[in-house]
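> This is the structure, below, for whatever I ask next.
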Amino acid sequence: MSQTVQTSVTSVDGEQGEPKVVRGLEAKNIHAWFGKHHVLKDVSLRFPERTVTGLIGPSGCGKSTFIRLLNRMHEFIPGAAMAGQVLQDGHDIYSPEVDAAAIRLKVGMVFQKPNPFPAMNIRENVLSGIKLAHLKVADHDAIVESCLTRAGLWKEVKDRLTATGGSLSGGQQQRLCIARSLAVEPSVLLMDEPCSALDPGSTLRIEETIKELVEKIAVVIVTHNMQQAARVSDFCAFFLADGGPGYLVEADATKKLFTNPSDTRTADYVQGKFG
Amino acid sequence: MSISPSVQATPEARELSVIFNRADRIFRRIVTAGALTSLILLGLIGTFLFVRSAQIFNDRGLKFITGSNWTAGSGDGIIPDDFSIGPMLTGTILVSVIALVISMPLAIGGALFVEFYATPKVRRVLTTLLDLAAAIPSLIFGIWGVVFFSSYGERWSDLLNSRFGWLPFIKVQNEVFGRSPFVAGCVLASLITPIITSVSREVFSRTPRDLVDTCYALGGTRWGAIKTVVLPFGKSGVIGGAMLGLGRALGETVAVYLLLNIVFRYNFRILESEGGNIASLIALKFGEATEYELKALVAAGFVLFLLTLVVNMVAASIVERSTRRR
Ligand SMILES: Nc1ncnc2c1ncn2[C@@H]1O[C@H](COP(=O)(O)OP(=O)(O)OP(=O)(O)O)[C@@H](O)[C@H]1O
Ligand SMILES: [Mg+2]
């Protein structure tokens with residue numbers, strides 16, 4: 001079977017002179033299966049530091065599957081398999097010696113539905129990752145403040161840090177989830193349709209947040225909202241699955257992809273002609 | 001011009017009526033009837049028990065609960081009837097609590113293993129087995145306890161006694177370790193563990209997937225996810241399962257009857273070879289009871305009925321409080 005995780009080559013060759021280490025995250029020839037169902041075919045994509053990459057494409061083309069592959073969440077689904085490589089700063093995160101939990105610490109994730117931990121208050125929610133990963137930090141208060149500030153939520157909640165996460169509005173909850181992801185200092189943040197459950201106002205707030213985040217980290221965002229992709233992303237990748245497994249049609253600078261794509265299907269999709 | 005400065009009183013809240021359609025009406029009647037039936041049954045049982053035993057409570061008052069004698073009189077008044085259930089009541093609680101304390105860690109650990117560590121195939125098999133085990137009649141457990149477990153139970157008791165003998169409830173007077181509340185409690189624990197495990201597993205499996213995923217995405221381990229979301233989420237369900245088990249333990253007859261020396265003396269030393277519970281008392285005395293003794297047994301049943309009711313109400317309020325908090 002070809003469904004094994006290939007781990008032999010990494011792009012860091014020990015050769016003197018030219019260590020071709022690519023900073024940031026890079027997917028190389030990724031395939032994915034659910035059982036026998038081939039859902040992603042040969043996707044290669046780079047996510048340089050300090051950029052926002054938008055993933056677009058019709059429903060079911062494998063965008064969620066793809067980003068879950070980027071932080072090894074894919075393997076939690078029974079029967080899930082993959083092939084190819086995901087390189088983080090040149091190291092294959094699927095190598096047998098790699099601790100998946102450590103990878104997820106570096107590559108964080110925000111989910112579609114805002115989901116603060118229900119049994120915890122706002123402050124505890126922000127600090128939950130630190131507790132989960134057993135990180136040592138000197139000043140919890142400082143972390144809470146800085147993460148909530150970066151997530152654009154500090155002003156609204158600083159006087160009620162001990163209220164439960166559930167007492168916030170949906171948009172605030174989602175920003176709380178972003179703050180929670182930031183607390184463990186990831187270098188990449190994956191977001192799977194983070195605004196699809198939110199109102200336009202909250203959506204804009206999150207987009208502003210993303211623009212601030214990207215001064216430090218890379219963001220990968222899946223979205224069905226073309227305007228959103230155009231607004232927030234620097235690069236955009238268009239996926240498609242016409243019957244078979246999903247594949248990457250085209251990836252380019254967002255401006256180019258939206259104004260002058262090289263594939264007609266991309267043009268049709270971004271203009272809303274299908275999908 | 002004609003708008004007068006209205007001095008309107010705040011209006012009364014309007015009465016809102018709900019119109020049910022036919023299907024809804026019929027269904028509503030059926031479920032209401034169902035709910036009422038069980039309530040009425042409960043009430044009838046309680047009333048029946050109380051009426052049948054009222055004479056006992058009248059004659060003996062609180063002494064029926066606190067006294068520690070069960071002597072059938074000679075009938076001619078030379079030896080008077082003396083019925084009270086103190087040791088059996090405390091014995092019921094003691095044995096059940098032992099069973100619960102032993103089974104809870106086993107059940108929670110087992111449920112977590114099945115749900116989070118076992119491979120899908122093993123999980124399927126174990127889930128089925130658990131549900132089957134929950135349906136095994138207690139007589140089987142009683143026999144297993146007598147024939148097989150008691151020798152282990154005695155050895156464990158010996159060990160407990162030599163290590164923790166300084167604890168007042170572990171200390172024994174004579175070093176005979178069989179047929180003690182501890183041994184009976186162990187067998188009861190094995191009797192109620194499957195049902196508690198089964199219920200706990202069920203609630204653990206309902207933990208929202210994306211909360212668990214979030215824990216992993218934050219660099220957490222499986223155990224981290226369990227501690228952070230699964231246990232808080234499942235807490236009330238686990239308590240519910242525990243109460244189900246406790247209910248079974250409180251009313252357990254055969255296993256205790258077979259495994260415990262029924263002795264009418266207050267005993268809180270769990271390794272001592274004496275004890276009893278209300279249900280086994282009833283089973284023991286029922287066959288050759290005089291008419292008056294029969295009433296006393298019904299009264300004992302009434303006390304057990306109340307005890308179970310109270311336990312269930314406390315459990316319900318714990319469950320309610322722990323779910324309301326979020
Ligand atoms: N847990 C799963 N088990 C089996 N098949 C799955 C599973 N999750 C997704 N799939 C299949 O994989 C394919 C890709 O799904 P995926 O969720 O990645 O699509 P998507 O692009 O994120 O869609 P959407 O835009 O609707 O979120 C689909 O055909 C789907 O049926
Ligand atoms: Mg998706």
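FYI, nothing fancy with the structure tokens labels: chains A, B, ... in order, residues from 1 per chain, ligands from 1 as they appear.
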For a quick test of understanding: name the residues of chain A lying within 9 Å of chain B when counting only C-alpha atoms, and present them as a short mmCIF file (atom, residue, chain, number, x, y, z; two decimals) with N, CA, C and O atoms, in the first residue's frame.

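Ended up saving to out-v2.cif:
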```
data_model
loop_
_atom_site.label_atom_id
_atom_site.label_comp_id
_atom_site.auth_asym_id
_atom_site.auth_seq_id
_atom_site.Cartn_x
_atom_site.Cartn_y
_atom_site.Cartn_z
N ASN A 71 -0.82 19.99 11.12
CA ASN A 71 -0.39 19.88 12.51
C ASN A 71 -0.69 18.50 13.11
O ASN A 71 -0.89 18.35 14.30
N ARG A 72 -0.74 17.52 12.23
CA ARG A 72 -0.91 16.15 12.66
C ARG A 72 -2.19 15.89 13.45
O ARG A 72 -2.22 15.06 14.36
N MET A 73 -3.24 16.60 13.07
CA MET A 73 -4.54 16.28 13.65
C MET A 73 -5.25 15.22 12.82
O MET A 73 -6.19 14.58 13.28
N PHE A 76 -5.92 11.54 14.05
CA PHE A 76 -6.88 11.18 15.10
C PHE A 76 -8.13 10.55 14.52
O PHE A 76 -8.92 9.96 15.24
N PRO A 78 -10.07 7.77 12.77
CA PRO A 78 -9.81 6.35 12.52
C PRO A 78 -9.78 6.08 11.01
O PRO A 78 -10.65 6.55 10.29
N ALA A 100 4.43 14.35 18.13
CA ALA A 100 3.34 15.08 17.49
C ALA A 100 2.82 16.21 18.38
O ALA A 100 2.44 17.28 17.89
N ALA A 101 2.80 15.99 19.69
CA ALA A 101 2.28 17.03 20.59
C ALA A 101 3.15 18.28 20.50
O ALA A 101 2.63 19.40 20.53
N ALA A 102 4.45 18.10 20.35
CA ALA A 102 5.35 19.25 20.25
C ALA A 102 5.09 20.00 18.95
O ALA A 102 5.17 21.23 18.91
N ILE A 103 4.74 19.27 17.89
CA ILE A 103 4.42 19.91 16.61
C ILE A 103 3.17 20.76 16.74
O ILE A 103 3.11 21.91 16.31
N ARG A 104 2.16 20.20 17.41
CA ARG A 104 0.90 20.93 17.54
C ARG A 104 1.08 22.19 18.39
O ARG A 104 0.32 23.14 18.28
N LEU A 105 2.08 22.16 19.23
CA LEU A 105 2.40 23.34 20.02
C LEU A 105 2.90 24.46 19.12
O LEU A 105 2.62 25.64 19.33
N LYS A 106 3.64 24.08 18.09
CA LYS A 106 4.22 25.07 17.17
C LYS A 106 3.23 25.46 16.08
O LYS A 106 3.33 26.53 15.51
N VAL A 107 2.33 24.54 15.75
CA VAL A 107 1.36 24.81 14.71
C VAL A 107 -0.04 24.74 15.33
O VAL A 107 -0.62 23.69 15.47
N GLY A 108 -0.53 25.88 15.75
CA GLY A 108 -1.79 25.93 16.48
C GLY A 108 -2.99 25.89 15.56
O GLY A 108 -2.86 25.95 14.33
N MET A 109 -4.18 25.77 16.15
CA MET A 109 -5.37 25.62 15.32
C MET A 109 -6.59 26.28 15.98
O MET A 109 -6.80 26.16 17.17
N VAL A 110 -7.36 26.97 15.17
CA VAL A 110 -8.63 27.55 15.62
C VAL A 110 -9.73 26.91 14.80
O VAL A 110 -9.62 26.78 13.58
N PHE A 111 -10.79 26.49 15.48
CA PHE A 111 -11.81 25.71 14.81
C PHE A 111 -12.97 26.57 14.32
O PHE A 111 -13.07 27.75 14.64
N LYS A 113 -16.28 26.36 14.91
CA LYS A 113 -17.23 26.81 15.93
C LYS A 113 -16.43 27.34 17.12
O LYS A 113 -15.52 26.67 17.58
N ASN A 115 -15.18 27.54 20.55
CA ASN A 115 -15.35 26.48 21.57
C ASN A 115 -14.46 26.69 22.80
O ASN A 115 -13.60 25.87 23.07
N PRO A 116 -14.70 27.78 23.53
CA PRO A 116 -13.95 27.90 24.79
C PRO A 116 -14.26 26.71 25.70
O PRO A 116 -15.36 26.14 25.61
N PHE A 117 -13.31 26.32 26.54
CA PHE A 117 -13.57 25.21 27.46
C PHE A 117 -14.68 25.62 28.43
O PHE A 117 -14.55 26.62 29.13
N PRO A 118 -15.76 24.85 28.47
CA PRO A 118 -16.93 25.30 29.23
C PRO A 118 -16.71 25.34 30.73
O PRO A 118 -17.33 26.13 31.42
N ALA A 119 -15.83 24.48 31.23
CA ALA A 119 -15.66 24.42 32.69
C ALA A 119 -14.69 25.49 33.19
O ALA A 119 -14.37 25.53 34.37
N MET A 120 -14.18 26.33 32.29
CA MET A 120 -13.14 27.28 32.70
C MET A 120 -13.60 28.72 32.47
O MET A 120 -14.41 29.00 31.59
N SER A 128 -5.01 27.63 29.37
CA SER A 128 -5.20 26.18 29.32
C SER A 128 -4.10 25.47 28.55
O SER A 128 -3.66 24.38 28.93
N GLY A 129 -3.63 26.09 27.45
CA GLY A 129 -2.61 25.44 26.65
C GLY A 129 -1.31 25.27 27.42
O GLY A 129 -0.63 24.25 27.32
N ILE A 130 -1.01 26.28 28.21
CA ILE A 130 0.22 26.23 29.00
C ILE A 130 0.17 25.07 30.00
O ILE A 130 1.13 24.34 30.19
N LYS A 131 -1.02 24.88 30.56
CA LYS A 131 -1.19 23.78 31.51
C LYS A 131 -1.15 22.44 30.78
O LYS A 131 -0.49 21.50 31.22
N LEU A 132 -1.83 22.38 29.65
CA LEU A 132 -1.90 21.14 28.89
C LEU A 132 -0.53 20.68 28.43
O LEU A 132 -0.23 19.49 28.42
N ALA A 133 0.30 21.63 28.02
CA ALA A 133 1.60 21.26 27.47
C ALA A 133 2.68 21.32 28.54
O ALA A 133 3.86 21.13 28.23
N HIS A 134 2.28 21.56 29.77
CA HIS A 134 3.24 21.64 30.89
C HIS A 134 4.36 22.64 30.62
O HIS A 134 5.53 22.34 30.84
N THR A 164 -17.22 33.01 32.87
CA THR A 164 -17.00 31.84 32.02
C THR A 164 -16.92 32.27 30.56
O THR A 164 -17.47 33.30 30.17
N GLY A 166 -18.38 31.01 28.17
CA GLY A 166 -19.70 30.94 27.56
C GLY A 166 -20.49 32.22 27.69
O GLY A 166 -21.47 32.43 26.99
N ARG A 180 -6.30 31.83 23.22
CA ARG A 180 -5.91 30.56 23.82
C ARG A 180 -4.83 29.88 22.98
O ARG A 180 -3.86 29.33 23.51
N SER A 181 -4.99 29.93 21.65
CA SER A 181 -3.97 29.32 20.78
C SER A 181 -2.66 30.08 20.86
O SER A 181 -1.59 29.48 20.74
N VAL A 184 0.49 29.51 23.73
CA VAL A 184 1.60 28.56 23.68
C VAL A 184 2.62 28.96 22.61
O VAL A 184 3.51 28.19 22.26
#
```
> Dump the neighbourhood of ligand 2 as a PyMOL selection string: all residues within 8 Å, distances computed on only C-alpha atoms and all ligand atoms.
chain A and resi 59-60+62-65+192-193+222
> Grab the residues selected above and save them as a tab-separated table (two decimals), in the first residue's frame with N, CA, C and O atoms.

```
chain	number	residue	atom	x	y	z
A	59	SER	N	-17.05	23.08	-1.32
A	59	SER	CA	-17.19	22.17	-0.19
A	59	SER	C	-16.78	20.75	-0.56
A	59	SER	O	-17.11	20.28	-1.64
A	60	GLY	N	-16.04	20.10	0.34
A	60	GLY	CA	-15.68	18.71	0.12
A	60	GLY	C	-14.42	18.51	-0.68
A	60	GLY	O	-14.08	17.38	-1.03
A	62	GLY	N	-11.40	19.06	0.31
A	62	GLY	CA	-10.29	18.60	1.13
A	62	GLY	C	-9.51	19.69	1.84
A	62	GLY	O	-8.40	19.43	2.32
A	63	LYS	N	-10.06	20.88	1.96
A	63	LYS	CA	-9.33	21.97	2.63
A	63	LYS	C	-9.12	21.66	4.11
A	63	LYS	O	-8.01	21.80	4.63
A	64	SER	N	-10.18	21.21	4.78
A	64	SER	CA	-10.04	20.88	6.20
A	64	SER	C	-9.06	19.74	6.39
A	64	SER	O	-8.21	19.77	7.28
A	65	THR	N	-9.21	18.73	5.56
A	65	THR	CA	-8.29	17.61	5.63
A	65	THR	C	-6.86	18.09	5.49
A	65	THR	O	-5.97	17.68	6.24
A	192	ASP	N	-9.71	27.11	10.47
A	192	ASP	CA	-10.64	26.46	9.56
A	192	ASP	C	-11.98	27.18	9.61
A	192	ASP	O	-12.76	26.99	10.53
A	193	GLU	N	-12.24	28.00	8.63
A	193	GLU	CA	-13.47	28.79	8.58
A	193	GLU	C	-13.78	29.44	9.92
A	193	GLU	O	-14.85	29.23	10.48
A	222	VAL	N	-8.82	28.86	6.08
A	222	VAL	CA	-9.77	28.30	5.13
A	222	VAL	C	-10.99	29.19	5.15
A	222	VAL	O	-11.47	29.56	6.22
```
> Using backbone DSSP assignments, extract all alpha helix (DSSP H) residues from range 65-202 of chain B; output them as JSON, numbers by chain.
{"B": [65, 66, 86, 87, 88, 89, 90, 91, 92, 93, 94, 95, 96, 97, 98, 99, 100, 101, 102, 103, 104, 105, 106, 107, 108, 109, 110, 111, 112, 120, 121, 122, 123, 124, 125, 126, 127, 128, 129, 130, 131, 132, 133, 138, 139, 140, 141, 142, 143, 144, 150, 151, 152, 153, 154, 155, 156, 157, 158, 159, 160, 161, 162, 163, 164, 181, 182, 183, 184, 185, 186, 187, 188, 189, 190, 191, 192, 193, 194, 195, 196, 197, 198, 199, 200, 201, 202]}
> Which residues come within 10 Å of Leu94 in chain B, counting only C-alpha atoms, excluding same-chain residues fewer than 3 positions away, as a PyMOL selection string?
chain B and resi 87-91+97-100+181-182+185+250+267-270+275-277
> Can you work out which residues are within 10 Å of ligand 1, considering only C-alpha atoms and all ligand atoms, and then hand them over as a VMD selection string?
chain A and resid 32 to 40 55 to 69 74 76 to 80 112 192 to 193 222 to 224 239 to 241 243 to 246 275
> Determine, counting only C-alpha atoms, which protein, DNA and RNA residues have an atom within 10 Å of an atom of range 137-149 of chain A; residues of the same chain fewer than 6 positions away are not included. Present the result as a compact mmCIF listing (two decimals) with all heavy atoms, in the first residue's frame.

```txt
# COMPACT_ATOMS: atom_id res chain seq x y z
N ILE A 122 -12.51 32.86 31.63
CA ILE A 122 -11.77 33.44 30.51
C ILE A 122 -10.26 33.30 30.71
O ILE A 122 -9.53 32.84 29.83
CB ILE A 122 -12.15 34.92 30.36
CG1 ILE A 122 -13.63 35.01 29.93
CG2 ILE A 122 -11.26 35.63 29.35
CD1 ILE A 122 -14.18 36.41 29.90
N ARG A 123 -9.82 33.66 31.91
CA ARG A 123 -8.40 33.61 32.20
C ARG A 123 -7.87 32.17 32.08
O ARG A 123 -6.85 31.92 31.43
CB ARG A 123 -8.20 34.14 33.62
CG ARG A 123 -6.78 34.26 34.07
CD ARG A 123 -6.77 34.57 35.57
NE ARG A 123 -5.66 33.88 36.19
CZ ARG A 123 -4.44 34.39 36.24
NH1 ARG A 123 -4.20 35.58 35.77
NH2 ARG A 123 -3.46 33.69 36.77
N GLU A 124 -8.60 31.23 32.68
CA GLU A 124 -8.17 29.83 32.64
C GLU A 124 -8.14 29.31 31.20
O GLU A 124 -7.29 28.51 30.84
CB GLU A 124 -9.11 28.96 33.47
CG GLU A 124 -8.97 29.17 34.95
CD GLU A 124 -10.15 28.62 35.76
OE1 GLU A 124 -11.20 28.32 35.16
OE2 GLU A 124 -10.02 28.51 36.98
N ASN A 125 -9.11 29.79 30.40
CA ASN A 125 -9.12 29.38 29.00
C ASN A 125 -7.84 29.80 28.29
O ASN A 125 -7.24 29.02 27.55
CB ASN A 125 -10.33 30.00 28.29
CG ASN A 125 -11.45 29.01 28.11
OD1 ASN A 125 -11.32 28.06 27.33
ND2 ASN A 125 -12.52 29.19 28.84
N VAL A 126 -7.43 31.05 28.53
CA VAL A 126 -6.21 31.52 27.87
C VAL A 126 -5.01 30.69 28.32
O VAL A 126 -4.15 30.34 27.52
CB VAL A 126 -5.98 33.01 28.18
CG1 VAL A 126 -4.68 33.48 27.55
CG2 VAL A 126 -7.14 33.85 27.66
N LEU A 127 -4.99 30.33 29.60
CA LEU A 127 -3.83 29.63 30.13
C LEU A 127 -3.89 28.11 29.93
O LEU A 127 -2.94 27.40 30.25
CB LEU A 127 -3.69 29.93 31.62
CG LEU A 127 -3.38 31.40 31.95
CD1 LEU A 127 -3.47 31.64 33.44
CD2 LEU A 127 -2.00 31.78 31.43
N ILE A 130 -1.01 26.28 28.21
CA ILE A 130 0.22 26.23 29.00
C ILE A 130 0.17 25.07 30.00
O ILE A 130 1.13 24.34 30.19
CB ILE A 130 0.42 27.57 29.73
CG1 ILE A 130 0.82 28.61 28.68
CG2 ILE A 130 1.46 27.47 30.82
CD1 ILE A 130 0.81 30.00 29.16
N LYS A 131 -1.02 24.88 30.56
CA LYS A 131 -1.19 23.78 31.51
C LYS A 131 -1.15 22.44 30.78
O LYS A 131 -0.49 21.50 31.22
CB LYS A 131 -2.55 23.94 32.21
CG LYS A 131 -2.46 23.82 33.72
CD LYS A 131 -3.76 24.26 34.34
CE LYS A 131 -4.37 23.15 35.16
NZ LYS A 131 -5.72 23.51 35.61
N LYS A 155 -9.56 44.71 25.90
CA LYS A 155 -10.35 45.85 26.40
C LYS A 155 -11.74 45.41 26.84
O LYS A 155 -12.29 45.91 27.80
CB LYS A 155 -10.46 46.92 25.30
CG LYS A 155 -9.17 47.67 25.08
CD LYS A 155 -9.45 49.05 24.48
CE LYS A 155 -8.18 49.73 24.02
NZ LYS A 155 -7.78 49.33 22.64
N GLU A 156 -12.30 44.44 26.09
CA GLU A 156 -13.67 44.05 26.39
C GLU A 156 -13.79 43.17 27.62
O GLU A 156 -14.83 43.12 28.26
CB GLU A 156 -14.27 43.31 25.18
CG GLU A 156 -14.55 44.22 24.01
CD GLU A 156 -14.49 43.48 22.68
OE1 GLU A 156 -15.39 42.68 22.41
OE2 GLU A 156 -13.55 43.72 21.91
N VAL A 157 -12.75 42.43 27.94
CA VAL A 157 -12.90 41.46 29.03
C VAL A 157 -12.01 41.70 30.23
O VAL A 157 -12.07 40.94 31.20
CB VAL A 157 -12.65 40.01 28.53
CG1 VAL A 157 -13.60 39.66 27.41
CG2 VAL A 157 -11.21 39.83 28.10
N LYS A 158 -11.20 42.75 30.20
CA LYS A 158 -10.20 42.85 31.27
C LYS A 158 -10.82 42.96 32.67
O LYS A 158 -10.18 42.61 33.65
CB LYS A 158 -9.24 44.00 31.01
CG LYS A 158 -9.85 45.39 31.01
CD LYS A 158 -8.70 46.42 31.00
CE LYS A 158 -9.19 47.83 31.17
NZ LYS A 158 -9.59 48.43 29.91
N LEU A 161 -12.34 38.77 33.89
CA LEU A 161 -11.53 37.61 33.50
C LEU A 161 -12.00 36.32 34.15
O LEU A 161 -11.69 35.23 33.68
CB LEU A 161 -10.06 37.85 33.86
CG LEU A 161 -9.38 38.93 33.03
CD1 LEU A 161 -7.98 39.19 33.54
CD2 LEU A 161 -9.35 38.53 31.57
N ARG A 175 -12.52 35.03 19.45
CA ARG A 175 -11.26 35.72 19.73
C ARG A 175 -10.59 35.15 20.98
O ARG A 175 -9.37 35.09 21.08
CB ARG A 175 -11.50 37.22 19.86
CG ARG A 175 -11.54 37.91 18.49
CD ARG A 175 -11.84 39.36 18.59
NE ARG A 175 -13.27 39.60 18.73
CZ ARG A 175 -13.80 40.64 19.37
NH1 ARG A 175 -13.02 41.53 19.93
NH2 ARG A 175 -15.10 40.78 19.44
N LEU A 176 -11.43 34.70 21.93
CA LEU A 176 -10.87 34.03 23.10
C LEU A 176 -10.14 32.75 22.66
O LEU A 176 -9.05 32.43 23.16
CB LEU A 176 -11.97 33.70 24.11
CG LEU A 176 -11.56 32.90 25.34
CD1 LEU A 176 -10.48 33.64 26.12
CD2 LEU A 176 -12.77 32.64 26.25
N CYS A 177 -10.72 32.04 21.72
CA CYS A 177 -10.08 30.81 21.22
C CYS A 177 -8.76 31.15 20.54
O CYS A 177 -7.79 30.40 20.64
CB CYS A 177 -11.00 30.08 20.26
SG CYS A 177 -12.46 29.43 21.07
N ILE A 178 -8.73 32.28 19.83
CA ILE A 178 -7.48 32.70 19.21
C ILE A 178 -6.45 33.01 20.29
O ILE A 178 -5.30 32.56 20.23
CB ILE A 178 -7.72 33.92 18.29
CG1 ILE A 178 -8.61 33.50 17.11
CG2 ILE A 178 -6.39 34.48 17.78
CD1 ILE A 178 -9.00 34.64 16.18
N ALA A 179 -6.88 33.75 21.31
CA ALA A 179 -5.96 34.08 22.41
C ALA A 179 -5.43 32.80 23.05
O ALA A 179 -4.24 32.70 23.38
CB ALA A 179 -6.68 34.93 23.45
N ARG A 180 -6.30 31.83 23.22
CA ARG A 180 -5.91 30.56 23.82
C ARG A 180 -4.83 29.88 22.98
O ARG A 180 -3.86 29.33 23.51
CB ARG A 180 -7.16 29.67 23.91
CG ARG A 180 -6.94 28.29 24.43
CD ARG A 180 -8.25 27.58 24.61
NE ARG A 180 -8.91 27.31 23.33
CZ ARG A 180 -10.11 26.77 23.19
NH1 ARG A 180 -10.80 26.46 24.27
NH2 ARG A 180 -10.63 26.56 22.01
N SER A 181 -4.99 29.93 21.65
CA SER A 181 -3.97 29.32 20.78
C SER A 181 -2.66 30.08 20.86
O SER A 181 -1.59 29.48 20.74
CB SER A 181 -4.43 29.34 19.32
OG SER A 181 -5.67 28.74 19.21
N LEU A 182 -2.75 31.41 21.04
CA LEU A 182 -1.53 32.22 21.02
C LEU A 182 -0.68 32.00 22.27
O LEU A 182 0.53 32.19 22.24
CB LEU A 182 -1.88 33.71 20.91
CG LEU A 182 -2.53 34.12 19.60
CD1 LEU A 182 -2.93 35.57 19.64
CD2 LEU A 182 -1.60 33.84 18.43
N ALA A 183 -1.32 31.57 23.36
CA ALA A 183 -0.61 31.48 24.64
C ALA A 183 0.55 30.51 24.59
O ALA A 183 1.52 30.66 25.33
CB ALA A 183 -1.58 31.09 25.75
N VAL A 184 0.49 29.51 23.73
CA VAL A 184 1.60 28.56 23.68
C VAL A 184 2.62 28.96 22.61
O VAL A 184 3.51 28.19 22.26
CB VAL A 184 1.10 27.12 23.42
CG1 VAL A 184 0.26 26.64 24.59
CG2 VAL A 184 0.31 27.03 22.14
N GLU A 185 2.48 30.19 22.10
CA GLU A 185 3.41 30.76 21.15
C GLU A 185 3.68 29.91 19.93
O GLU A 185 4.81 29.49 19.67
CB GLU A 185 4.73 31.10 21.85
CG GLU A 185 4.51 32.11 22.93
CD GLU A 185 5.81 32.64 23.50
OE1 GLU A 185 6.87 32.06 23.20
OE2 GLU A 185 5.75 33.64 24.21
N THR A 209 -7.62 41.18 13.65
CA THR A 209 -6.75 40.39 14.52
C THR A 209 -5.72 39.61 13.70
O THR A 209 -4.53 39.59 14.02
CB THR A 209 -7.60 39.41 15.35
OG1 THR A 209 -8.56 40.16 16.08
CG2 THR A 209 -6.74 38.64 16.31
```
> Please extract the residues of range 9-149 of chain A with a backbone DSSP assignment of strand (DSSP E or B) and present them as a ChimeraX atom specification.
/A:25-34,37-47,52-56,80-88,91-92,107-110,121
> For Met226 in chain A, work out the shell of residues within 10 Å, counting only C-alpha atoms and skipping chain neighbours fewer than 5 positions away, then give it as a PyMOL selection string.
chain A and resi 54+56-57+231+258+269-272
> For N, CA and C atoms, I'd like the residues from the last selection saved as a tab-separated table (two decimals), in the first residue's frame.

```tsv
chain	number	residue	atom	x	y	z
A	54	GLY	N	-4.65	32.03	2.20
A	54	GLY	CA	-6.06	31.65	2.18
A	54	GLY	C	-6.23	30.37	1.38
A	56	ILE	N	-9.06	28.29	-0.56
A	56	ILE	CA	-10.44	28.38	-1.02
A	56	ILE	C	-10.77	27.20	-1.92
A	57	GLY	N	-12.04	26.98	-2.11
A	57	GLY	CA	-12.48	25.89	-2.96
A	57	GLY	C	-13.83	25.40	-2.51
A	231	ARG	N	-9.51	40.11	1.30
A	231	ARG	CA	-9.15	41.10	2.29
A	231	ARG	C	-7.94	40.70	3.12
A	258	PHE	N	-7.00	36.67	-7.86
A	258	PHE	CA	-8.34	37.22	-7.97
A	258	PHE	C	-8.54	38.06	-9.24
A	269	TYR	N	-14.48	30.32	-10.29
A	269	TYR	CA	-14.81	30.13	-8.88
A	269	TYR	C	-14.78	31.45	-8.13
A	270	VAL	N	-13.69	32.23	-8.32
A	270	VAL	CA	-13.60	33.47	-7.54
A	270	VAL	C	-14.67	34.48	-7.97
A	271	GLN	N	-15.17	34.32	-9.20
A	271	GLN	CA	-16.26	35.22	-9.62
A	271	GLN	C	-17.62	34.67	-9.22
A	272	GLY	N	-17.59	33.55	-8.51
A	272	GLY	CA	-18.85	33.01	-8.01
A	272	GLY	C	-19.66	32.28	-9.06
```
> Kindly give the distance, in Å, that separates CA of Ser280 in chain B and CA of Tyr257 in chain B, rounded to a single decimal.
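One can read the CA of Ser280 in chain B to CA of Tyr257 in chain B distance as 5.0 Å.
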> Which neighbours of Ala296 in chain B fall inside 7 Å, counting only C-alpha atoms, when residues of the same chain fewer than 4 positions from it are skipped, and could you give them as a ChimeraX atom specification?
/B:53,56,83,292,300
> For Leu153 in chain A, which residue out of A:Gln172, A:Ser95, A:Asn225, A:Ser167 is the nearest one, using only C-alpha atoms?
A:Gln172
> Could you jot down the CA of Phe286 in chain B to CA of Ala255 in chain B separation for me, Å, one decimal place?
16.7 Å
> Leaving out Ala249 in chain B and any residue of its chain fewer than 6 positions from it, which residues lie within 8 Å of it when counting only C-alpha atoms, given as a short mmCIF file (atom, residue, chain, number, x, y, z; two decimals) with all heavy atoms, in the first residue's frame?

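Final output, part.cif:
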```cif
data_model
loop_
_atom_site.label_atom_id
_atom_site.label_comp_id
_atom_site.auth_asym_id
_atom_site.auth_seq_id
_atom_site.Cartn_x
_atom_site.Cartn_y
_atom_site.Cartn_z
N VAL B 95 -21.50 -1.41 53.64
CA VAL B 95 -21.15 -2.31 52.53
C VAL B 95 -21.26 -1.58 51.19
O VAL B 95 -20.40 -1.70 50.32
CB VAL B 95 -22.06 -3.56 52.55
CG1 VAL B 95 -21.79 -4.42 51.34
CG2 VAL B 95 -21.83 -4.35 53.81
N SER B 96 -22.30 -0.76 51.05
CA SER B 96 -22.49 -0.05 49.79
C SER B 96 -21.38 0.96 49.55
O SER B 96 -20.89 1.11 48.43
CB SER B 96 -23.83 0.67 49.77
OG SER B 96 -24.86 -0.23 50.03
N ALA B 99 -18.30 -0.79 48.50
CA ALA B 99 -18.43 -1.20 47.10
C ALA B 99 -18.20 -0.02 46.17
O ALA B 99 -17.49 -0.11 45.17
CB ALA B 99 -19.81 -1.80 46.85
N LEU B 188 -19.71 -6.90 45.89
CA LEU B 188 -20.68 -5.91 45.43
C LEU B 188 -20.04 -4.97 44.42
O LEU B 188 -20.67 -4.57 43.44
CB LEU B 188 -21.21 -5.10 46.61
CG LEU B 188 -22.40 -5.66 47.35
CD1 LEU B 188 -22.97 -4.60 48.28
CD2 LEU B 188 -23.46 -6.10 46.36
N ILE B 192 -21.34 -4.00 40.67
CA ILE B 192 -21.83 -2.71 40.17
C ILE B 192 -20.84 -2.02 39.23
O ILE B 192 -21.21 -1.07 38.55
CB ILE B 192 -22.20 -1.74 41.33
CG1 ILE B 192 -20.97 -1.39 42.15
CG2 ILE B 192 -23.27 -2.33 42.20
CD1 ILE B 192 -21.24 -0.37 43.24
#
```
